[in-house]
Every structure is written in C-alpha cells, then in structure tokens.
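Text of the file work_10.txt, holding compact mmCIF, C-alpha atoms:
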# COMPACT_ATOMS: atom_id res chain seq x y z
CA MET A 1043 111.17 111.26 -106.18
CA PHE A 1044 113.90 113.57 -104.96
CA ARG A 1045 116.45 110.77 -104.96
CA PHE A 1046 115.08 109.51 -108.25
CA ARG A 1047 115.70 112.86 -109.91
CA ARG A 1048 119.25 112.91 -108.64
CA ALA A 1049 119.90 109.45 -110.06
CA LEU A 1050 118.57 110.53 -113.46
CA LEU A 1051 120.71 113.66 -113.42
CA GLN A 1052 123.77 111.60 -112.55
CA THR A 1053 123.21 109.20 -115.45
CA SER A 1054 122.70 112.00 -117.95
CA ALA A 1055 125.80 113.82 -116.68
CA ASN A 1056 127.84 110.64 -116.95
CA SER A 1057 126.67 109.98 -120.46
CA LEU A 1058 127.65 113.52 -121.48
CA ARG A 1059 131.16 112.99 -120.12
CA THR A 1060 131.75 109.66 -121.82
CA SER A 1061 130.00 110.28 -125.13
CA GLY A 1062 132.32 113.03 -126.45
CA ILE A 1063 136.07 112.84 -126.50
CA MET A 1064 136.92 116.49 -126.77
CA SER A 1065 140.34 117.96 -127.32
CA ASN A 1066 141.58 120.45 -124.75
CA ASN A 1067 140.97 123.27 -127.17
CA ASN A 1068 137.38 122.31 -127.78
CA ALA A 1069 136.71 121.88 -124.09
CA SER A 1070 138.12 125.28 -123.16
CA SER A 1071 136.46 127.09 -126.05
CA SER A 1072 133.09 125.65 -125.09
CA SER A 1073 133.62 126.81 -121.48
CA VAL A 1074 134.43 130.22 -122.89
CA ALA A 1075 131.23 130.12 -124.93
CA VAL A 1076 129.25 129.23 -121.81
CA ALA A 1077 130.91 132.00 -119.82
CA GLN A 1078 130.26 134.50 -122.62
CA LYS A 1079 126.60 133.55 -122.62
CA ALA A 1080 126.41 133.97 -118.86
CA VAL A 1081 127.98 137.45 -119.03
CA LYS A 1082 125.66 138.47 -121.87
CA GLN A 1083 122.64 137.28 -119.86
CA LEU A 1084 123.76 139.13 -116.74
CA ARG A 1085 124.26 142.34 -118.71
CA LEU A 1086 120.71 142.03 -120.04
CA GLU A 1087 119.26 141.40 -116.60
CA ALA A 1088 121.18 144.28 -115.07
CA LYS A 1089 119.61 146.69 -117.57
CA ILE A 1090 115.95 146.07 -116.78
CA ARG A 1091 113.89 148.83 -115.23
CA ARG A 1092 112.83 148.27 -111.65
CA ILE A 1093 110.42 149.95 -109.27
CA ASN A 1094 110.61 150.38 -105.51
CA VAL A 1095 109.48 147.52 -103.33
CA SER A 1096 107.16 149.99 -101.57
CA GLN A 1097 105.33 150.68 -104.83
CA ALA A 1098 105.29 147.02 -105.90
CA ALA A 1099 104.04 145.92 -102.47
CA THR A 1100 101.33 148.56 -102.46
CA ASP A 1101 100.11 147.35 -105.84
CA LEU A 1102 100.03 143.74 -104.65
CA LYS A 1103 98.12 144.80 -101.54
CA ASN A 1104 95.61 146.84 -103.53
CA PHE A 1105 94.99 143.98 -105.94
CA CYS A 1106 94.21 141.65 -103.01
CA LEU A 1107 91.89 144.13 -101.35
CA GLN A 1108 90.04 145.03 -104.55
CA ASN A 1109 89.40 141.39 -105.39
CA ALA A 1110 88.82 140.04 -101.90
CA HIS A 1111 85.04 140.11 -102.14
CA LYS A 1112 85.17 137.90 -105.26
CA ASP A 1113 87.40 135.27 -103.66
CA PRO A 1114 85.24 132.33 -102.51
CA LEU A 1115 88.00 130.61 -100.55
CA LEU A 1116 88.76 133.86 -98.73
CA VAL A 1117 85.34 135.19 -97.84
CA GLY A 1118 83.37 131.99 -98.06
CA VAL A 1119 80.21 131.62 -100.10
CA PRO A 1120 76.85 130.30 -98.98
CA SER A 1121 76.73 126.51 -99.23
CA SER A 1122 73.99 126.78 -101.81
CA ASP A 1123 76.38 128.64 -104.16
CA ASN A 1124 79.37 126.37 -103.70
CA PRO A 1125 78.99 123.19 -105.74
CA PHE A 1126 81.35 121.36 -103.42
CA ARG A 1127 79.32 122.07 -100.28
CA PRO A 1128 77.35 120.51 -98.71
CA PRO A 1129 79.28 117.26 -98.87
CA LYS A 1130 77.95 114.51 -101.13
CA SER A 1131 75.68 112.47 -99.00
CA CYS A 1132 77.03 109.10 -98.01
CA GLY A 1133 76.92 107.21 -94.77
CA LEU A 1134 80.13 108.53 -93.32
CA LEU A 1135 79.16 109.51 -89.80
CA MET B 104 152.00 129.76 -134.12
CA ALA B 105 148.41 130.63 -134.67
CA ALA B 106 147.43 127.41 -132.91
CA GLN B 107 149.62 128.32 -129.93
CA GLU B 108 148.01 131.73 -129.65
CA VAL B 109 144.56 130.20 -129.68
CA ALA B 110 145.66 127.68 -127.03
CA SER B 111 146.85 130.38 -124.61
CA GLN B 112 143.92 132.75 -125.08
CA PRO B 113 140.90 130.71 -123.93
CA SER B 114 142.07 130.42 -120.32
CA ASP B 115 142.77 134.18 -120.07
CA THR B 116 139.41 134.97 -121.59
CA LEU B 117 137.72 132.48 -119.29
CA THR B 118 139.17 134.09 -116.17
CA THR B 119 138.26 137.57 -117.42
CA LEU B 120 134.76 136.43 -118.20
CA LYS B 121 134.32 134.78 -114.83
CA THR B 122 135.46 137.92 -113.05
CA GLU B 123 133.10 140.02 -115.14
CA SER B 124 130.33 137.54 -114.29
CA GLU B 125 130.94 137.97 -110.57
CA THR B 126 131.10 141.75 -110.89
CA LEU B 127 127.83 141.85 -112.80
CA LYS B 128 126.13 139.60 -110.23
CA THR B 129 127.23 141.89 -107.42
CA LYS B 130 126.06 144.94 -109.36
CA LEU B 131 122.69 143.28 -109.99
CA GLU B 132 122.25 142.66 -106.26
CA GLU B 133 123.23 146.25 -105.46
CA GLU B 134 120.72 147.65 -107.95
CA ARG B 135 117.99 145.44 -106.51
CA ALA B 136 118.93 146.39 -102.94
CA LYS B 137 118.71 150.13 -103.68
CA LEU B 138 114.98 149.79 -104.27
CA HIS B 139 114.38 147.60 -101.24
CA ASP B 140 112.90 150.37 -99.11
CA VAL B 141 110.26 148.37 -97.26
CA GLU B 142 109.03 144.84 -96.56
CA LEU B 143 105.73 143.56 -97.96
CA HIS B 144 104.39 142.70 -94.52
CA GLN B 145 105.09 146.26 -93.35
CA VAL B 146 102.94 147.63 -96.17
CA ALA B 147 100.29 145.16 -95.05
CA GLU B 148 100.42 146.03 -91.35
CA LYS B 149 97.24 148.07 -91.27
CA ILE B 150 95.10 145.51 -93.08
CA GLU B 151 92.68 143.48 -91.01
CA ALA B 152 94.01 140.07 -90.10
CA LEU B 153 92.25 137.11 -91.64
CA GLY B 154 89.79 135.22 -89.50
CA GLN B 155 89.54 131.53 -88.86
CA PHE B 156 89.31 129.34 -91.89
CA VAL B 157 87.09 126.32 -92.10
CA MET B 158 88.34 124.32 -95.05
CA LYS B 159 87.55 120.66 -95.21
CA THR B 160 87.85 117.79 -97.60
CA ARG B 161 84.59 117.84 -99.54
CA ARG B 162 85.38 115.04 -102.00
CA THR B 163 87.95 112.26 -102.10
CA LEU B 164 88.79 110.87 -105.52
CA LYS B 165 89.89 107.25 -105.22
CA GLY B 166 90.97 105.10 -108.11
CA HIS B 167 94.64 105.53 -108.76
CA GLY B 168 96.70 102.47 -107.97
CA ASN B 169 99.80 104.39 -107.03
CA LYS B 170 101.19 107.84 -106.15
CA VAL B 171 99.30 110.74 -107.70
CA LEU B 172 101.93 113.00 -109.27
CA CYS B 173 100.04 115.74 -111.04
CA MET B 174 96.58 117.16 -111.64
CA ASP B 175 94.89 119.96 -113.54
CA TRP B 176 91.40 121.49 -113.64
CA CYS B 177 89.26 121.80 -116.73
CA LYS B 178 87.95 125.31 -117.48
CA ASP B 179 84.44 124.02 -116.77
CA LYS B 180 85.44 124.09 -113.06
CA ARG B 181 84.28 120.57 -112.43
CA ARG B 182 86.44 118.17 -114.38
CA ILE B 183 89.91 117.19 -113.31
CA VAL B 184 92.70 115.22 -114.98
CA SER B 185 95.23 113.44 -112.78
CA SER B 186 98.25 111.27 -113.48
CA SER B 187 100.06 108.69 -111.43
CA GLN B 188 103.23 106.68 -110.94
CA ASP B 189 101.57 103.56 -112.30
CA GLY B 190 101.11 105.14 -115.73
CA LYS B 191 97.40 105.87 -115.41
CA VAL B 192 95.82 109.16 -116.42
CA ILE B 193 92.23 109.62 -115.20
CA VAL B 194 89.65 112.28 -115.98
CA TRP B 195 87.17 112.81 -113.12
CA ASP B 196 83.96 114.71 -112.57
CA ALA B 197 84.88 116.33 -109.26
CA PHE B 198 81.24 117.05 -108.30
CA THR B 199 80.16 113.41 -108.49
CA THR B 200 83.63 111.79 -108.09
CA ASN B 201 82.89 109.64 -111.15
CA LYS B 202 85.70 108.64 -113.46
CA GLU B 203 84.91 109.74 -117.00
CA HIS B 204 87.99 108.55 -118.87
CA ALA B 205 91.06 106.50 -118.10
CA VAL B 206 94.18 106.00 -120.19
CA THR B 207 97.17 103.79 -119.48
CA MET B 208 100.39 105.38 -120.64
CA PRO B 209 103.19 103.17 -121.96
CA CYS B 210 105.49 104.53 -119.24
CA THR B 211 105.44 104.80 -115.47
CA TRP B 212 105.87 108.05 -113.52
CA VAL B 213 103.51 110.27 -115.45
CA MET B 214 104.78 113.45 -113.83
CA ALA B 215 102.86 115.95 -115.89
CA CYS B 216 99.32 116.34 -117.10
CA ALA B 217 97.24 119.24 -118.31
CA TYR B 218 93.70 119.91 -119.51
CA ALA B 219 93.25 121.65 -122.86
CA PRO B 220 91.44 125.01 -122.73
CA SER B 221 88.58 123.61 -124.83
CA GLY B 222 88.10 120.73 -122.41
CA CYS B 223 88.32 118.34 -125.35
CA ALA B 224 91.79 116.94 -124.79
CA VAL B 225 94.41 116.25 -122.15
CA ALA B 226 98.20 116.23 -122.39
CA CYS B 227 100.53 114.10 -120.30
CA GLY B 228 104.02 112.66 -120.11
CA GLY B 229 106.84 111.65 -117.81
CA LEU B 230 109.54 109.03 -118.04
CA ASP B 231 108.82 108.54 -121.73
CA ASN B 232 110.48 111.97 -122.30
CA LYS B 233 107.49 112.98 -124.36
CA CYS B 234 104.33 114.99 -124.05
CA SER B 235 101.35 113.34 -125.74
CA VAL B 236 97.90 114.73 -126.39
CA TYR B 237 94.79 112.55 -126.08
CA PRO B 238 91.53 113.89 -127.53
CA LEU B 239 88.70 113.06 -125.14
CA SER B 240 85.91 111.14 -126.75
CA LEU B 241 82.28 111.35 -125.71
CA ASP B 242 82.05 107.65 -126.46
CA LYS B 243 83.08 105.95 -123.22
CA ASN B 244 83.91 102.75 -125.02
CA GLU B 245 86.36 104.32 -127.41
CA ASN B 246 89.99 103.48 -126.84
CA LEU B 247 91.60 106.85 -126.13
CA ALA B 248 95.10 105.47 -126.60
CA ALA B 249 94.35 104.88 -130.28
CA LYS B 250 93.99 108.61 -130.98
CA LYS B 251 97.12 109.60 -129.07
CA LYS B 252 99.33 112.25 -130.64
CA SER B 253 103.00 112.56 -129.62
CA VAL B 254 103.83 116.25 -129.54
CA ALA B 255 106.96 117.03 -127.54
CA MET B 256 110.24 115.15 -127.49
CA HIS B 257 112.83 115.87 -124.83
CA THR B 258 116.05 114.06 -124.03
CA ASN B 259 115.05 113.47 -120.44
CA TYR B 260 111.85 113.13 -118.39
CA LEU B 261 108.95 115.51 -118.86
CA SER B 262 108.38 117.36 -115.58
CA ALA B 263 105.53 119.73 -116.49
CA CYS B 264 103.30 120.68 -119.37
CA CYS B 265 100.68 123.29 -119.98
CA PHE B 266 98.57 124.40 -122.95
CA THR B 267 98.93 128.04 -123.90
CA ASN B 268 95.76 130.02 -124.55
CA SER B 269 94.52 127.52 -127.12
CA ASP B 270 94.57 123.79 -127.78
CA MET B 271 97.16 124.44 -130.49
CA GLN B 272 100.31 124.99 -128.49
CA ILE B 273 101.92 123.29 -125.49
CA LEU B 274 104.68 124.47 -123.22
CA THR B 275 106.87 121.79 -121.63
CA SER B 276 109.69 121.58 -119.11
CA SER B 277 112.09 118.71 -118.76
CA GLY B 278 114.81 116.97 -116.77
CA ASP B 279 117.05 117.78 -119.75
CA GLY B 280 117.29 121.36 -118.40
CA THR B 281 115.19 123.02 -121.09
CA CYS B 282 111.66 124.24 -121.69
CA ALA B 283 110.05 124.26 -125.10
CA LEU B 284 106.99 125.48 -126.97
CA TRP B 285 105.39 123.05 -129.42
CA ASP B 286 102.76 123.14 -132.14
CA VAL B 287 100.30 120.36 -131.30
CA GLU B 288 99.15 119.66 -134.84
CA SER B 289 102.58 119.21 -136.43
CA GLY B 290 104.63 118.31 -133.35
CA GLN B 291 107.11 120.98 -134.36
CA MET B 292 109.18 122.82 -131.76
CA LEU B 293 108.38 126.52 -132.10
CA GLN B 294 110.82 127.82 -129.50
CA SER B 295 113.24 126.42 -126.98
CA PHE B 296 114.34 127.99 -123.71
CA HIS B 297 117.88 127.37 -122.47
CA GLY B 298 119.34 128.81 -119.31
CA HIS B 299 118.72 126.44 -116.43
CA ALA B 300 121.82 124.57 -115.28
CA ALA B 301 119.92 121.47 -114.17
CA ASP B 302 116.50 119.74 -114.43
CA VAL B 303 113.59 122.11 -114.88
CA LEU B 304 110.83 120.91 -112.57
CA CYS B 305 107.91 123.26 -113.07
CA LEU B 306 106.46 126.07 -115.10
CA ASP B 307 103.50 128.42 -115.16
CA LEU B 308 102.09 130.60 -117.92
CA ALA B 309 101.47 134.29 -117.17
CA PRO B 310 97.78 135.28 -116.96
CA SER B 311 96.68 136.14 -120.50
CA GLU B 312 96.34 139.87 -119.79
CA THR B 313 100.04 140.18 -119.03
CA GLY B 314 101.33 138.88 -122.32
CA ASN B 315 103.60 136.19 -123.59
CA THR B 316 105.78 135.17 -120.71
CA PHE B 317 106.12 132.17 -118.44
CA VAL B 318 108.12 131.30 -115.35
CA SER B 319 110.06 128.08 -114.71
CA GLY B 320 111.82 126.65 -111.65
CA GLY B 321 114.51 124.00 -111.42
CA CYS B 322 117.02 121.90 -109.56
CA ASP B 323 119.55 124.72 -110.00
CA LYS B 324 117.50 126.66 -107.37
CA LYS B 325 116.71 129.28 -110.00
CA ALA B 326 113.38 130.64 -111.14
CA CYS B 327 113.49 132.15 -114.66
CA VAL B 328 111.00 134.34 -116.47
CA TRP B 329 111.01 133.83 -120.25
CA ASP B 330 109.81 135.75 -123.30
CA MET B 331 107.90 133.13 -125.30
CA ARG B 332 108.45 134.82 -128.62
CA THR B 333 112.23 135.26 -128.47
CA GLY B 334 113.25 132.41 -126.17
CA GLN B 335 115.09 134.95 -124.06
CA CYS B 336 115.34 134.72 -120.27
CA ILE B 337 114.16 138.14 -119.11
CA GLN B 338 114.68 137.86 -115.36
CA SER B 339 116.04 135.24 -113.00
CA PHE B 340 115.88 134.78 -109.25
CA GLU B 341 118.22 132.66 -107.19
CA THR B 342 117.34 132.91 -103.51
CA HIS B 343 116.04 129.42 -102.75
CA GLU B 344 118.41 127.02 -101.04
CA SER B 345 117.26 123.90 -102.85
CA ASP B 346 115.25 122.59 -105.83
CA ILE B 347 112.24 124.66 -106.83
CA ASN B 348 109.35 122.21 -107.22
CA SER B 349 106.54 124.55 -108.10
CA VAL B 350 106.01 128.07 -109.47
CA ARG B 351 102.72 129.92 -109.82
CA TYR B 352 101.87 133.43 -111.01
CA TYR B 353 100.06 135.83 -108.70
CA PRO B 354 96.63 136.55 -110.26
CA SER B 355 97.62 140.07 -111.40
CA GLY B 356 100.64 138.69 -113.24
CA ASP B 357 103.01 141.09 -111.45
CA ALA B 358 104.52 138.47 -109.18
CA PHE B 359 104.92 134.74 -108.75
CA ALA B 360 105.27 132.30 -105.85
CA SER B 361 107.60 129.35 -105.64
CA GLY B 362 107.75 126.24 -103.44
CA SER B 363 111.01 124.47 -102.74
CA ASP B 364 112.70 121.51 -101.09
CA ASP B 365 114.20 124.08 -98.69
CA ALA B 366 110.79 124.04 -96.89
CA THR B 367 109.95 127.62 -97.84
CA CYS B 368 107.61 129.31 -100.28
CA ARG B 369 108.70 132.68 -101.63
CA LEU B 370 107.07 135.55 -103.45
CA TYR B 371 108.98 137.38 -106.19
CA ASP B 372 107.73 140.68 -107.58
CA LEU B 373 108.54 141.07 -111.28
CA ARG B 374 108.50 144.87 -111.39
CA ALA B 375 110.70 145.25 -108.29
CA ASP B 376 112.79 142.37 -109.67
CA ARG B 377 113.33 140.73 -106.29
CA GLU B 378 112.06 138.38 -103.65
CA VAL B 379 109.56 140.26 -101.49
CA ALA B 380 108.36 137.63 -99.03
CA ILE B 381 109.33 134.27 -97.53
CA TYR B 382 106.71 131.94 -96.11
CA SER B 383 108.36 129.67 -93.60
CA LYS B 384 108.32 128.49 -90.01
CA GLU B 385 110.96 126.77 -87.93
CA SER B 386 108.52 123.92 -87.41
CA ILE B 387 108.17 123.34 -91.16
CA ILE B 388 111.15 121.27 -92.21
CA PHE B 389 109.81 119.29 -95.15
CA GLY B 390 109.86 120.50 -98.73
CA THR B 391 106.99 122.19 -100.53
CA SER B 392 105.94 120.28 -103.61
CA SER B 393 103.26 122.59 -105.01
CA VAL B 394 101.78 126.05 -104.54
CA ASP B 395 98.78 127.99 -105.80
CA PHE B 396 96.98 131.27 -105.02
CA SER B 397 93.36 131.88 -104.19
CA LEU B 398 91.49 134.11 -106.68
CA SER B 399 92.39 137.44 -105.07
CA GLY B 400 95.97 136.41 -104.39
CA ARG B 401 95.53 136.90 -100.66
CA LEU B 402 95.93 133.22 -99.80
CA LEU B 403 98.79 130.94 -100.85
CA PHE B 404 98.20 127.21 -100.53
CA GLY B 405 101.26 125.00 -100.21
CA GLY B 406 101.34 121.22 -100.36
CA TYR B 407 104.18 119.73 -98.35
CA ASN B 408 106.13 116.49 -98.07
CA ASP B 409 105.04 116.15 -94.43
CA TYR B 410 101.53 115.31 -95.73
CA THR B 411 100.02 118.69 -94.80
CA ILE B 412 98.75 121.73 -96.66
CA ASN B 413 99.69 125.10 -95.19
CA VAL B 414 97.63 128.17 -95.99
CA TRP B 415 99.55 131.47 -95.91
CA ASP B 416 98.45 135.10 -95.74
CA VAL B 417 100.41 136.34 -98.76
CA LEU B 418 100.53 139.97 -97.57
CA LYS B 419 101.28 139.51 -93.89
CA GLY B 420 103.53 136.50 -94.33
CA THR B 421 101.84 134.46 -91.61
CA ARG B 422 100.31 131.02 -91.72
CA VAL B 423 96.53 131.12 -91.32
CA SER B 424 95.69 127.45 -91.45
CA ILE B 425 97.12 123.96 -91.63
CA LEU B 426 95.09 121.22 -93.29
CA PHE B 427 95.44 117.56 -92.47
CA GLY B 428 93.99 114.63 -94.32
CA HIS B 429 96.44 113.13 -96.73
CA GLU B 430 98.30 110.05 -95.59
CA ASN B 431 101.42 110.67 -97.58
CA ARG B 432 103.23 113.51 -99.36
CA VAL B 433 101.11 116.10 -101.11
CA SER B 434 102.56 116.15 -104.62
CA THR B 435 100.27 118.50 -106.52
CA LEU B 436 97.79 121.27 -105.75
CA ARG B 437 95.63 123.58 -107.89
CA VAL B 438 92.85 126.03 -107.14
CA SER B 439 89.77 125.62 -109.35
CA PRO B 440 89.29 128.13 -112.19
CA ASP B 441 86.49 129.98 -110.36
CA GLY B 442 88.27 129.81 -107.01
CA THR B 443 85.53 127.94 -105.17
CA ALA B 444 87.74 125.02 -104.18
CA PHE B 445 91.19 123.58 -104.57
CA CYS B 446 92.34 120.05 -105.32
CA SER B 447 95.35 118.28 -103.86
CA GLY B 448 96.92 115.03 -105.06
CA SER B 449 99.10 112.81 -102.93
CA TRP B 450 101.39 109.84 -102.78
CA ASP B 451 98.57 108.23 -100.75
CA HIS B 452 96.94 107.50 -104.18
CA THR B 453 94.04 109.91 -103.66
CA LEU B 454 92.99 113.40 -104.64
CA ARG B 455 91.03 115.62 -102.29
CA ILE B 456 88.81 118.58 -103.07
CA TRP B 457 88.84 121.21 -100.32
CA ALA B 458 86.41 124.09 -99.83
Structure re-expressed in structure tokens:
Amino acid sequence: MFRFRRALLQTSANSLRTSGIMSNNNASSSSVAVAQKAVKQLRLEAKIRRINVSQAATDLKNFCLQNAHKDPLLVGVPSSDNPFRPPKSCGLL
Amino acid sequence: MAAQEVASQPSDTLTTLKTESETLKTKLEEERAKLHDVELHQVAEKIEALGQFVMKTRRTLKGHGNKVLCMDWCKDKRRIVSSSQDGKVIVWDAFTTNKEHAVTMPCTWVMACAYAPSGCAVACGGLDNKCSVYPLSLDKNENLAAKKKSVAMHTNYLSACCFTNSDMQILTSSGDGTCALWDVESGQMLQSFHGHAADVLCLDLAPSETGNTFVSGGCDKKACVWDMRTGQCIQSFETHESDINSVRYYPSGDAFASGSDDATCRLYDLRADREVAIYSKESIIFGTSSVDFSLSGRLLFGGYNDYTINVWDVLKGTRVSILFGHENRVSTLRVSPDGTAFCSGSWDHTLRIWA
C-alpha cells in the first residue's frame, strides 16, 4: 500500500509536469503565488492564542479522570452488560 | 521594458518570501516553546497506574476475499461496514457475525467507507476517485448497486470519507492532496480544503460539541486542522517523520492523536498548539496504520503493520498492553460508539471485535 501510494503520486506528478508547457514567467509567478500563500498561512498560524502545556495537560488529565468510570474498555463491565462477552458459543475449544 | 521589469522581480520576491517563510516558521516554534513548561506525563505522575488488561478477540468476521482496508461502526453500536481490496463492501451485524448486505464496487482498493448517522446508508470509494453513497435496503434481495449515488469526485484516489452530523453532507480526503465537503443530494462541492503538499490519507471530524472543524493527515507528514465553513487551515503540526496514516480526535475535542509510518503515535493539544506526547518504543519499528481512543480518552489503541495492536496509556505515555491475533497488517481500527468494544480490520481478510 505504501509503495502503491508512492507510485500513484509519481504518476500524478509526472502528468502535471508534462501536461502544461509553461513559460518561465508563468512558472516563476506561480511559485511566487505559492510562496505568498505559504507566508500568509504562517502569519495566520503565528497569531493564534495559545495556553500553557501545563494547563492543557491538566485539562486532558481531568477529562480522563472524570470520565473513567464510564469507559467500558478501561474499567471493564460485567459480562452480562457487554454484548460482546461472553463469546458466541461455538465449538472452539 | 515593462516585461523586463516583471521578469526580474519574481525571483527577488521569491527569495524574500522564502526568507520570510523561514523566519515565520522559527517564530512559530519559539512561541510554541515558550508555553512548553511541562510534559504531559509529568502532570500525570500522581495518577494511579492502569492495571492489567484482559482484552480478547470476541468475534471474528470472515467473508472478505482480500485485504480489509477500512471499517466504520453504525451508531446502533452493533452494525459495521467494511471495505476491501477486492472491491467488496460488506455490512455486518457484529453481535451475530452475520452479513446483512454486500455490494461489489466497480473498482478495486476500496480504501474508505463510512456509515451514515441514520444507519440507513453507507458511503465508500477508493481507486475510482469517487465517494458513492448506497442506501441500505431492508429487502435483502434488492440490488444495492442500482440505487448508488455518486457524490464526490476527486482527481486521485479517495483515501477517507466521513458523514458530518447528518446524512446530508460528506467530508472526503484524497490522494490529489485535497479534502472536500459535499452535499449528498446534489453532489455539489460545498467547500474545498487546500494546503497539504501531498496525498491526504486520513481525516476525522471534531466531536459535535466543539464545532465545525476537522483534522487531516497526509504524506507530507503534516496534520492540519480546518475550519469547515471557510476552508481555512487554522493550525498545522509537522513533527512526524513520515506519512500520517490516521488521525483521531480526543473525546473532549481539545486534542487529537495521529499514527504514522514512522512507528510512532503522537498527541497534539489544540489549545497549547503543539505536540504534547509521543507513544513509541525502540522495539516498535513498523508503521501505525490506525488509531482510536477509548471513551474517556485514557487509552489509545494503535493498529500496526507488524500485525499487532498496542494499547497506550495516553496520560503516562506508556504501553499497557499488546494484542496479538491478526495474521497480517492491521489496516483499520475503530472503537464502538458506546465504547464497549473496538473493531480491527486487517490484510489477513478478517475483522476482529475486541472487548
């Protein structure tokens, strides 16, 4: 799958290169457009408001602890309450 | 003269822009670093360690003729849709392991499938570059393929799809490097999301309480958070060392986890705007294909290419369990809507329900 994706990417990249015969001007102005977009995006991302990791981590921790009792995979539930236990009976012993 | 001026300017502007780009990136890292006052596992030091976990395969779903690539749970917590390399999409009753519906797609490698919130339809796609919706009929004899509706059209393979909060809209990601939001009824593209520099491999919708955002991960090693209304990328994270195969929101919506070909899973907090944990071990050298959280967010399940599933303590950063059973790569993994079990799909042609 990994190699398959790479092959697909290669073909699409190749087709992009061969399908348009761009003049030097067009090629450089589109690189400029791409670079302008990248700078604009970075400026936007730089502006966002952030909180301390200590506060964020504490909130994550509190969420886990507050919801732990409701988490069947974490605390386990009695077999009678879990539709997937006990296992479907079949002669697999 | 004017033409000559234009010819000489672009390269100057390009260099200036590239320098500004680098400066902004450094500044971004500095701003993030200023708030990095503690590690997540330090905050979690005083919490009781998790005990031993007994999780076993409770059901095995057999029927696919080739690699299982994707699966999704129905909101009823018992039905599952799965898709495979051989073009088959199957709807199962996970309690009884019975197959309820089967559709053969006109393409192979059906890499994406999703259950509609109503439970009345499924969406799927892959190498056909499309996402199609099949209404599920109660009549077992009805030919589902006849009612198929083509919704999304990309210019490369469909890697993931997901209904938004209703049956009316679908979010897709593609090998063409974009994500898009579509209206199911008309097939119209409502919004497109550009910003990844390579194939987008995965996406996840934020929990409904947190509003209209979603996260995507791609071959460019970046995870991006998007505003669905404006198409804008709000935040991006680039700490993985290889393709990001899977992204999943933390249940509170304040963070998300990612799984990558670099053999690590990572946790990114959206309000701190940075990576806050890495889940890795020297002994784990194969890529993670899929990740999901347990209901409380304390456990992170990761399906790996070495056929195993590793269970991580999200807060402490340690591995609490390793699950064996699949006989080939684990390609897809989702926790059930009520958190009582999780399902894994594999290249060994089967799906397993664990609890």
* Residues around (109.8, 138.9, -105.9), cut-off 10 Å, counting all atoms listed in the file - what are they as number ranges by chain? -> A: 1095, 1098-1099; B: 340, 342, 357-361, 369-381
* **Exercise answer, chain A residues close to chain B, 6 Å and all atoms listed in the file, as JSON, numbers by chain** => {"A": [1074, 1081, 1087, 1088, 1092, 1093, 1094, 1095, 1096, 1099, 1106, 1109, 1110, 1113, 1114, 1115, 1129]}
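Note that the spacing between CA of Thr421 in chain B and CA of Pro440 in chain B amounts to 24.9 Å.
As for CA of Ser295 in chain B and CA of Cys227 in chain B, they are spaced 18.9 Å apart.
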* 7 Å contact set for range 232-246 of chain B, all atoms listed in the file, chain neighbours under 6 positions out, as a PyMOL selection string -> chain B and resi 223-226+252-261
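The interatomic distance for the pair CA of Ile388 in chain B and CA of Ala215 in chain B works out to 25.6 Å.
Using all atoms listed in the file, the smallest distance between any of B:Ser449, B:Thr281, B:Ser393, B:Thr435 and Tyr410 in chain B comes from B:Ser449.
Comparing the minimum interatomic distances between Asn169 in chain B and each of B:Leu454, B:Ala217, B:Ile412, B:Ile387, counting only C-alpha atoms, we find that B:Leu454 sits nearest.
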